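S.K.: Here it is: the structure, laid out below.
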Amino acid sequence: MRANRRIPDALPPAAREALDPAGAELRALGPKRFEVLGRHLGGEALLMVARTTTFIDTGSWFGKGRIWLAFTPTALLIVANGPRPLCRRIPLAELRKTQYNTVTGELVFVPAELPVQTVALPPVEAALALAQIRGG
């Protein structure tokens with residue numbers, strides 16, 4: 001990464017090892033989100049989780065649920081907690097054309113037939129997410 005740029009010049013390597021179940025990354029998800037996520041993992045290991053600054057309607061009168069991205073070796077899971085929790089599993093092979101928009105700071109999912117078309121992520125986290133999507 002050049003000193004005057006906030007985005008990496010090349011994608012980092014994709015994560016290959018499972019996250020520690022007692023590690024800080026999974027504790028940050030919180031018990032309710034982790035429970036929702038656990039029902040959709042299908043026995044696969046979690047390689048990476050990312051907290052976005054994007055919210056989605058999950059049925060609460062008091063606000064929307066924050067979207068988290070979770071990666072397994074074969075899929076992306078979009079997770080948000082609330083009265084109607086969201087957990088959508090998308091195969092990584094369907095997301096190969098996903099891009100990061102540096103102007104808006106959003107990961108733009110292609111194809112866009114997802115609960116959300118974009119999620120806001122910091123540049124480095126977006127590069128890590130793209131590395132997972134594209135297979136690093």
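FYI, nothing fancy with the structure tokens labels: chains A, B, ... in order, residues from 1 per chain, ligands from 1 as they appear.
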To test your reading of the structure, identify every residue in chain A that backbone DSSP assigns to strand (DSSP E or B), and report it as number ranges by chain.
M.R.: A: 48-56, 65-71, 75-80, 86-91, 99-101, 106-108, 118-120
S.K.: I'd like the neighbourhood of range 85-99 of chain A as an MDAnalysis selection string, where a residue qualifies if any of its atoms comes within 6 Å (using only C-alpha atoms), though same-chain residues fewer than 2 positions away should be ignored.
M.R.: chainID A and resid 58 74:83 107:110 133:134
S.K.: I'd like the neighbourhood of Pro21 in chain A as a list in words, where a residue qualifies if any of its atoms comes within 10 Å (using only C-alpha atoms), though same-chain residues fewer than 5 positions away should be ignored.
M.R.: Leu26, Arg27, Ala45 and Leu46 of chain A
S.K.: Using only C-alpha atoms, which of the listed residues (A:Pro73, A:Ala15, A:Asp57, A:Gly23) sits closest to Gly43 in chain A?
M.R.: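 Counting only C-alpha atoms, the residue closest to Gly43 in chain A is A:Pro73.
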S.K.: Using only C-alpha atoms, which of the listed residues (A:Asp20, A:Glu113, A:Asp9, A:Glu106) sits closest to Thr52 in chain A?
M.R.: A:Glu106
S.K.: Which one is closest to Glu125 in chain A: A:Ala18, A:Leu41, A:Ala24, A:Val49? Count only C-alpha atoms.
M.R.: A:Val49
S.K.: Just asking: which residues within range 4-98 of chain A are alpha helix (DSSP H) according to DSSP, as a ChimeraX atom specification?
M.R.: /A:24-29,31-38
S.K.: Please determine, counting only C-alpha atoms, which residue among A:Gly105, A:Pro12, A:Val119, A:Tyr100 has the shortest atom-to-atom distance to Trp68 in chain A.
M.R.: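 Nearest candidate to Trp68 in chain A out of A:Gly105, A:Pro12, A:Val119, A:Tyr100: A:Val119.
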S.K.: Of the residues A:Phe62, A:Leu69, A:Thr54, A:Gly135, which is the one nearest to Ala120 in chain A, using only C-alpha atoms?
M.R.: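 Under the stated criterion, the closest residue is A:Thr54.
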